[in-house]
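Here's run-v3.tsv, which has TSV, C-alpha atoms:
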chain	number	residue	atom	x	y	z
B	20	ASP	CA	-48.95	-161.98	-90.80
B	21	THR	CA	-45.86	-164.14	-91.11
B	22	PRO	CA	-44.84	-164.70	-94.76
B	23	SER	CA	-45.22	-168.30	-95.79
B	24	PRO	CA	-42.14	-170.25	-96.97
B	25	GLN	CA	-43.76	-170.46	-100.40
B	26	ASN	CA	-44.01	-166.65	-100.63
B	27	ASN	CA	-40.41	-166.26	-99.48
B	28	GLY	CA	-39.27	-168.67	-102.20
B	29	THR	CA	-41.26	-166.79	-104.81
B	30	ARG	CA	-39.72	-163.49	-103.75
B	31	ARG	CA	-36.23	-164.93	-103.85
B	32	LEU	CA	-36.84	-166.30	-107.35
B	33	THR	CA	-38.20	-162.91	-108.42
B	34	MET	CA	-35.13	-161.11	-107.04
B	35	VAL	CA	-32.81	-163.60	-108.77
B	36	ALA	CA	-34.65	-163.05	-112.06
B	37	ILE	CA	-34.39	-159.27	-111.68
B	38	GLN	CA	-30.67	-159.49	-110.91
B	39	ALA	CA	-30.14	-161.78	-113.88
B	40	LYS	CA	-31.92	-159.35	-116.20
B	41	PHE	CA	-29.84	-156.51	-114.78
B	42	TRP	CA	-26.58	-158.32	-115.45
B	43	VAL	CA	-27.66	-159.35	-118.95
B	44	ILE	CA	-28.66	-155.76	-119.83
B	45	SER	CA	-25.45	-154.41	-118.31
B	46	SER	CA	-23.37	-156.89	-120.29
B	47	ILE	CA	-25.12	-155.94	-123.52
B	48	VAL	CA	-24.59	-152.22	-122.88
B	49	LEU	CA	-20.93	-152.70	-122.00
B	50	SER	CA	-20.39	-154.96	-124.98
B	51	SER	CA	-22.09	-152.48	-127.29
B	52	GLY	CA	-19.99	-149.65	-125.91
B	53	THR	CA	-16.83	-151.64	-126.47
B	54	ARG	CA	-17.90	-152.50	-130.01
B	55	ILE	CA	-18.76	-148.88	-130.78
B	56	ARG	CA	-15.39	-147.72	-129.48
B	57	SER	CA	-13.71	-150.42	-131.51
B	58	LEU	CA	-15.55	-149.37	-134.65
B	59	ARG	CA	-14.68	-145.74	-134.04
B	60	SER	CA	-11.01	-146.53	-133.71
B	61	ASN	CA	-11.00	-149.02	-136.60
B	62	ARG	CA	-13.52	-147.71	-139.08
B	63	ILE	CA	-13.81	-149.68	-142.29
B	64	SER	CA	-13.50	-147.36	-145.25
B	65	ARG	CA	-16.01	-147.35	-148.07
B	66	SER	CA	-13.49	-148.99	-150.32
B	67	GLY	CA	-12.81	-151.53	-147.57
B	68	LEU	CA	-16.50	-152.43	-147.37
B	69	SER	CA	-16.63	-152.58	-151.16
B	70	SER	CA	-13.59	-154.85	-151.18
B	71	ILE	CA	-15.16	-157.19	-148.61
B	72	SER	CA	-18.45	-157.45	-150.49
B	73	SER	CA	-16.63	-157.90	-153.79
B	74	ARG	CA	-14.58	-160.76	-152.38
B	75	LEU	CA	-17.73	-162.49	-151.11
B	76	LEU	CA	-19.38	-162.16	-154.51
B	77	ALA	CA	-16.24	-163.49	-156.15
B	78	ARG	CA	-16.75	-166.93	-154.61
B	79	ALA	CA	-19.50	-167.54	-157.12
B	80	SER	CA	-17.40	-166.26	-160.00
B	81	LYS	CA	-15.15	-168.17	-162.37
B	82	PHE	CA	-12.44	-165.56	-161.81
B	83	PRO	CA	-10.11	-166.07	-158.82
B	84	VAL	CA	-9.57	-163.45	-156.14
B	85	ARG	CA	-6.05	-162.08	-156.51
B	86	GLY	CA	-3.67	-160.51	-154.03
B	87	PRO	CA	-2.45	-161.23	-150.49
B	88	ALA	CA	-4.84	-162.88	-148.04
B	89	SER	CA	-3.61	-160.90	-145.04
B	90	ASP	CA	-5.17	-157.60	-143.98
B	91	PRO	CA	-3.69	-154.52	-145.66
B	92	PRO	CA	-1.25	-152.43	-143.61
B	93	ARG	CA	-2.22	-149.12	-142.06
B	94	TYR	CA	-1.16	-146.04	-143.99
B	95	ASP	CA	-0.15	-142.70	-142.56
B	96	ASP	CA	-2.31	-140.33	-144.59
B	97	ALA	CA	-2.09	-137.68	-141.87
B	98	SER	CA	1.63	-136.97	-142.23
B	99	PRO	CA	2.32	-133.54	-143.76
B	100	LEU	CA	4.29	-135.01	-146.68
B	101	ASN	CA	1.71	-137.64	-147.60
B	102	ARG	CA	-1.19	-135.22	-147.13
B	103	THR	CA	0.49	-132.67	-149.41
B	104	PHE	CA	1.18	-135.12	-152.24
B	105	MET	CA	-2.25	-136.71	-151.95
B	106	SER	CA	-3.99	-133.32	-152.08
B	107	LEU	CA	-1.97	-132.24	-155.11
B	108	PHE	CA	-2.61	-135.49	-156.97
B	109	ARG	CA	-6.31	-135.40	-156.17
B	110	ALA	CA	-6.65	-131.80	-157.34
B	111	ARG	CA	-4.98	-132.61	-160.68
B	112	MET	CA	-7.09	-135.74	-161.05
B	113	ALA	CA	-10.32	-133.84	-160.37
B	114	ALA	CA	-9.29	-131.20	-162.92
B	115	GLU	CA	-8.76	-133.91	-165.55
B	116	VAL	CA	-12.05	-135.77	-165.00
B	117	GLY	CA	-14.04	-132.55	-164.50
B	118	ILE	CA	-15.35	-133.17	-160.98
B	119	ASP	CA	-14.11	-134.07	-157.51
B	120	SER	CA	-15.39	-136.95	-155.41
B	121	PRO	CA	-17.58	-136.38	-152.33
B	122	VAL	CA	-15.62	-139.17	-150.61
B	123	GLU	CA	-12.77	-137.99	-148.39
B	124	GLY	CA	-9.19	-139.25	-148.20
B	125	PHE	CA	-7.60	-141.98	-150.27
B	126	GLU	CA	-11.02	-143.55	-150.83
B	127	GLY	CA	-11.92	-140.43	-152.80
B	128	ILE	CA	-9.03	-141.06	-155.21
B	129	ILE	CA	-10.24	-144.64	-155.69
B	130	ASP	CA	-13.75	-143.30	-156.28
B	131	LEU	CA	-12.47	-140.90	-158.94
B	132	THR	CA	-10.48	-143.70	-160.55
B	133	MET	CA	-13.31	-146.22	-160.67
B	134	ASN	CA	-16.26	-143.94	-161.44
B	135	ARG	CA	-14.81	-140.96	-163.32
B	136	LEU	CA	-11.81	-142.41	-165.12
B	137	ILE	CA	-11.93	-146.15	-165.73
B	138	ASN	CA	-15.75	-146.42	-166.00
B	139	ASN	CA	-16.61	-143.16	-167.75
B	140	PRO	CA	-17.19	-144.11	-171.41
B	141	SER	CA	-18.83	-140.77	-172.22
B	142	ARG	CA	-15.47	-139.07	-171.54
B	143	TYR	CA	-12.92	-141.89	-171.96
B	144	GLU	CA	-14.48	-144.43	-174.29
B	145	ASN	CA	-11.59	-146.91	-174.36
B	146	PRO	CA	-8.44	-147.84	-172.40
B	147	THR	CA	-6.23	-145.79	-174.72
B	148	LYS	CA	-8.08	-142.63	-173.66
B	149	VAL	CA	-7.78	-143.64	-170.01
B	150	GLN	CA	-4.02	-144.09	-170.43
B	151	ALA	CA	-3.66	-140.68	-172.05
B	152	ALA	CA	-5.70	-139.01	-169.31
B	153	SER	CA	-3.60	-140.68	-166.60
B	154	GLN	CA	-0.40	-139.51	-168.29
B	155	ARG	CA	-1.77	-135.94	-168.42
B	156	ILE	CA	-2.46	-136.12	-164.69
B	157	LEU	CA	1.14	-137.12	-163.99
B	158	LYS	CA	2.47	-134.39	-166.26
B	159	SER	CA	0.30	-131.74	-164.61
B	160	LEU	CA	1.96	-132.42	-161.24
B	161	PHE	CA	5.09	-130.56	-162.42
B	162	PRO	CA	5.71	-126.98	-163.57
B	163	SER	CA	5.65	-126.79	-167.37
B	164	TRP	CA	9.35	-125.82	-167.58
B	165	LEU	CA	10.69	-128.53	-165.27
B	166	LEU	CA	10.27	-131.64	-167.42
B	167	PRO	CA	11.95	-130.26	-170.58
B	168	ALA	CA	14.75	-128.87	-168.41
B	169	PHE	CA	15.27	-132.25	-166.75
B	170	ARG	CA	15.48	-134.00	-170.11
B	171	TRP	CA	18.03	-131.51	-171.41
B	172	MET	CA	20.16	-131.10	-168.26
B	173	PHE	CA	20.10	-134.64	-166.81
B	174	ALA	CA	18.35	-137.38	-168.80
B	175	ARG	CA	20.29	-136.97	-172.05
B	176	PRO	CA	23.84	-136.39	-170.74
B	177	PHE	CA	23.52	-138.47	-167.53
B	178	PRO	CA	20.95	-141.24	-168.06
B	179	LYS	CA	21.97	-143.44	-165.13
B	180	LEU	CA	22.29	-140.54	-162.72
B	181	SER	CA	18.85	-139.42	-163.84
B	182	GLY	CA	17.44	-142.89	-163.25
B	183	ARG	CA	18.89	-143.02	-159.75
B	184	MET	CA	17.55	-139.55	-158.96
B	185	ILE	CA	14.04	-140.49	-160.12
B	186	ALA	CA	14.15	-143.80	-158.24
B	187	ALA	CA	15.05	-142.05	-154.99
B	188	VAL	CA	12.34	-139.41	-155.41
B	189	THR	CA	9.72	-142.01	-156.38
B	190	ALA	CA	10.38	-144.10	-153.28
B	191	VAL	CA	9.98	-141.07	-151.01
B	192	THR	CA	7.05	-139.26	-152.61
B	193	CYS	CA	4.81	-142.12	-153.71
B	194	GLU	CA	4.38	-144.17	-150.54
B	195	TRP	CA	0.98	-142.60	-149.91
B	196	LEU	CA	-0.19	-143.99	-153.29
B	197	MET	CA	1.65	-147.31	-153.58
B	198	GLY	CA	2.51	-148.22	-150.01
B	199	GLY	CA	5.97	-149.06	-148.74
B	200	CYS	CA	8.74	-148.60	-151.33
B	201	GLN	CA	12.44	-149.37	-151.28
B	202	VAL	CA	15.20	-148.42	-153.70
B	203	ASN	CA	17.00	-151.51	-155.03
B	204	SER	CA	18.90	-152.73	-158.10
B	205	ALA	CA	17.18	-152.79	-161.46
B	206	ASN	CA	16.73	-156.05	-163.34
B	207	ILE	CA	18.45	-155.22	-166.63
B	208	THR	CA	20.02	-158.08	-168.56
B	209	GLY	CA	23.66	-157.49	-169.51
B	210	ASP	CA	24.10	-154.44	-167.26
B	211	ASN	CA	26.07	-154.86	-164.03
B	212	ASP	CA	25.77	-151.22	-162.97
B	213	THR	CA	22.15	-151.12	-161.83
B	214	ASP	CA	22.42	-150.29	-158.13
B	215	GLY	CA	19.90	-147.64	-157.17
B	216	LEU	CA	18.05	-147.87	-160.50
B	217	GLY	CA	15.16	-149.93	-159.13
B	218	VAL	CA	12.24	-149.34	-156.80
B	219	HIS	CA	10.43	-152.22	-155.15
B	220	VAL	CA	6.82	-151.60	-154.12
B	221	GLN	CA	6.08	-154.08	-151.37
B	222	ARG	CA	2.28	-154.13	-151.65
B	223	CYS	CA	0.63	-151.66	-153.99
B	224	ARG	CA	-2.09	-149.79	-152.18
B	225	TYR	CA	-3.62	-148.40	-155.38
B	226	LEU	CA	-3.98	-151.87	-156.92
B	227	GLU	CA	-5.28	-153.48	-153.74
B	228	GLU	CA	-7.90	-150.84	-152.99
B	229	SER	CA	-9.13	-150.69	-156.57
B	230	GLY	CA	-9.11	-154.49	-156.96
B	231	CYS	CA	-8.85	-154.08	-160.72
B	232	ALA	CA	-6.17	-155.20	-163.19
B	233	SER	CA	-7.38	-152.63	-165.71
B	234	VAL	CA	-6.67	-149.84	-163.19
B	235	CYS	CA	-3.15	-151.20	-162.69
B	236	ILE	CA	-2.47	-151.35	-166.42
B	237	ASN	CA	-4.31	-148.32	-167.79
B	238	CYS	CA	-4.16	-145.85	-164.88
B	239	CYS	CA	-0.69	-146.70	-163.59
B	240	LYS	CA	1.68	-149.00	-165.50
B	241	ILE	CA	1.30	-147.82	-169.11
B	242	PRO	CA	0.85	-144.07	-168.43
B	243	THR	CA	3.71	-144.04	-165.90
B	244	GLN	CA	6.09	-145.81	-168.28
B	245	ARG	CA	5.19	-143.38	-171.04
B	246	PHE	CA	5.45	-140.38	-168.73
B	247	PHE	CA	8.99	-141.22	-167.64
B	248	LEU	CA	10.12	-142.02	-171.18
B	249	GLU	CA	8.35	-139.29	-173.14
B	250	ASP	CA	8.18	-136.46	-170.61
B	251	MET	CA	11.29	-137.06	-168.49
B	252	GLY	CA	13.51	-138.87	-170.98
B	253	VAL	CA	14.19	-141.92	-168.78
B	254	PRO	CA	12.82	-145.35	-169.76
B	255	VAL	CA	11.30	-147.55	-167.06
B	256	THR	CA	9.69	-150.96	-166.99
B	257	MET	CA	7.10	-151.64	-164.31
B	258	THR	CA	6.44	-155.29	-163.46
B	259	PRO	CA	3.38	-155.85	-161.27
B	260	ASN	CA	2.90	-159.10	-159.38
B	261	TYR	CA	-0.80	-159.94	-159.25
B	262	ASP	CA	-0.31	-162.59	-156.56
B	263	ASP	CA	1.21	-160.45	-153.81
B	264	PHE	CA	0.50	-156.98	-155.34
B	265	SER	CA	4.16	-156.02	-155.30
B	266	CYS	CA	5.68	-154.12	-158.21
B	267	GLN	CA	9.22	-153.61	-159.52
B	268	PHE	CA	10.33	-150.39	-161.23
B	269	ASP	CA	13.45	-150.83	-163.40
B	270	PHE	CA	14.73	-147.43	-164.56
B	271	GLY	CA	16.83	-147.59	-167.71
B	272	LYS	CA	14.97	-150.65	-169.04
B	273	ILE	CA	12.91	-150.26	-172.21
B	274	PRO	CA	9.35	-151.62	-171.67
B	275	GLU	CA	8.16	-154.63	-173.63
B	276	ASP	CA	5.48	-154.18	-176.24
B	277	THR	CA	1.95	-154.92	-175.10
B	278	GLU	CA	1.74	-158.14	-177.09
B	279	SER	CA	4.60	-159.77	-175.18
B	280	ASP	CA	4.22	-158.06	-171.78
B	281	PRO	CA	2.90	-160.68	-169.33
B	282	ALA	CA	1.08	-157.97	-167.36
B	283	PHE	CA	-1.53	-157.89	-170.13
B	284	ASN	CA	-2.15	-161.63	-169.98
B	285	VAL	CA	-4.27	-161.51	-166.83
B	286	PRO	CA	-7.81	-162.70	-166.10
B	287	CYS	CA	-10.23	-160.31	-164.49
B	288	PHE	CA	-9.81	-160.30	-160.69
B	289	GLY	CA	-12.54	-162.07	-158.76
B	290	GLN	CA	-12.90	-159.01	-156.52
B	291	CYS	CA	-13.01	-156.53	-159.42
B	292	PRO	CA	-15.88	-154.00	-159.01
B	293	SER	CA	-15.41	-152.53	-162.50
B	294	LYS	CA	-18.43	-152.13	-164.74
B	295	ARG	CA	-16.26	-153.11	-167.72
B	296	ARG	CA	-15.97	-156.65	-166.46
B	297	HIS	CA	-17.14	-159.28	-168.98
B	298	GLU	CA	-17.91	-162.81	-167.82
B	299	ASP	CA	-17.53	-164.17	-171.38
B	300	SER	CA	-13.81	-163.43	-171.58
B	301	THR	CA	-10.86	-165.10	-169.87
B	302	LEU	CA	-8.92	-161.82	-169.85
B	303	CYS	CA	-9.50	-158.52	-168.11
B	304	ASP	CA	-11.36	-156.33	-170.61
B	305	GLY	CA	-9.04	-153.39	-170.03
B	306	ALA	CA	-5.93	-155.57	-170.35
B	307	ARG	CA	-6.57	-156.84	-173.87
B	308	ALA	CA	-3.90	-155.07	-175.89
B	309	ASN	CA	-5.64	-155.68	-179.21
B	310	THR	CA	-8.75	-153.79	-178.09
B	311	LEU	CA	-7.10	-150.65	-176.72
B	312	ASP	CA	-7.81	-148.55	-179.81

Full structure transcribed into structure tokens:
Amino acid sequence: DTPSPQNNGTRRLTMVAIQAKFWVISSIVLSSGTRIRSLRSNRISRSGLSSISSRLLARASKFPVRGPASDPPRYDDASPLNRTFMSLFRARMAAEVGIDSPVEGFEGIIDLTMNRLINNPSRYENPTKVQAASQRILKSLFPSWLLPAFRWMFARPFPKLSGRMIAAVTAVTCEWLMGGCQVNSANITGDNDTDGLGVHVQRCRYLEESGCASVCINCCKIPTQRFFLEDMGVPVTMTPNYDDFSCQFDFGKIPEDTESDPAFNVPCFGQCPSKRRHEDSTLCDGARANTLD
């Protein structure tokens, strides 16, 4: 029998529908493959996901989101130098808090900071204890004989040389923790010989990934200032910028007291994931100098 024109039209429509389905399915598969490859090459870290969710929640909060709006830079955690310093720091941190994190890489250090140091009241019941623990971590990175020897051989007789030496070493060895660093001049009023006594942190990785002013103050700024002054014999003032997350180290400059230091006069960040956050206060709970004891 000769196929009717109506049957031929139906067959053609059927073939067109089948081809359309084929192309739609193929497009979905190809698109999914591309997306999977993209995700594999640009995986969002746990702290990255936490940061994204925290920023979304912050829209409903009275506290503003702080820091740069642009995406954070990529960090070379695989380089031998960075991997060595990160592993050493993490080991000393785990020894202090009593346990290591199951999270790998830099995210594991943030996990230890947020869940075992800053938010661990059974072990560190107030910011003062957190500061002391952070200073012990820094001190444990060095052989026990080295710090007293540095104070005696360099810091006391050659304070500016010591400051320049520490600035140079800090800029080289701490990029994995703070991001890009550059040695510059220190901001010391009345002193014209400050070349090489400063370190400028372009965008602090530790502050940005933690998203917490209390971490900046109690796990970094205060313990680091005390470590350099008390353990190495060289004063330093660290001045964080909560708008662009930069930070200036000025070696040879005596830090301000906590009552007058503007770093303590900071509201809680809108993206802060800390359990210590209190909605009834205009200041970060861990940044209130009069409650540190």

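Once B:Gln244 and its same-chain neighbours fewer than 6 positions away are set aside, Pro254, Val255, Thr256, Met257 and Pro274 of chain B remain within 8 Å of it when counting all atoms listed in the file.
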
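Shortest separation to B:Phe288 among B:Pro83, B:Cys266, B:Cys239, B:Phe108 occurs at residue B:Pro83, atoms counted being only C-alpha atoms.
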
TODO: Might you pull out every residue within 10 Å of B:Cys231, with all atoms listed in the file counted and same-chain residues fewer than 2 positions away left off, and present them as a list of chain:residue names?
DONE: B:Arg85, B:Met133, B:Ile137, B:Tyr225, B:Leu226, B:Glu227, B:Glu228, B:Ser229, B:Ser233, B:Val234, B:Cys235, B:Ile236, B:Cys287, B:Phe288, B:Gly289, B:Gln290, B:Cys291, B:Pro292, B:Ser293, B:Arg296, B:Cys303, B:Gly305

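Pairwise distance (atom CA of B:Gln154, atom CA of B:Arg245) equals 7.3 Å.
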
TODO: Would you mind telling me which residue in B:Ala187, B:Lys158, B:Gly271, B:Pro99 lies nearest to B:Thr243 when using all atoms listed in the file?
DONE: B:Lys158

TODO: Quote the spacing between atom CA of B:Asn206 and atom CA of B:Asp269 in Å to one decimal place.
DONE: 6.2 Å
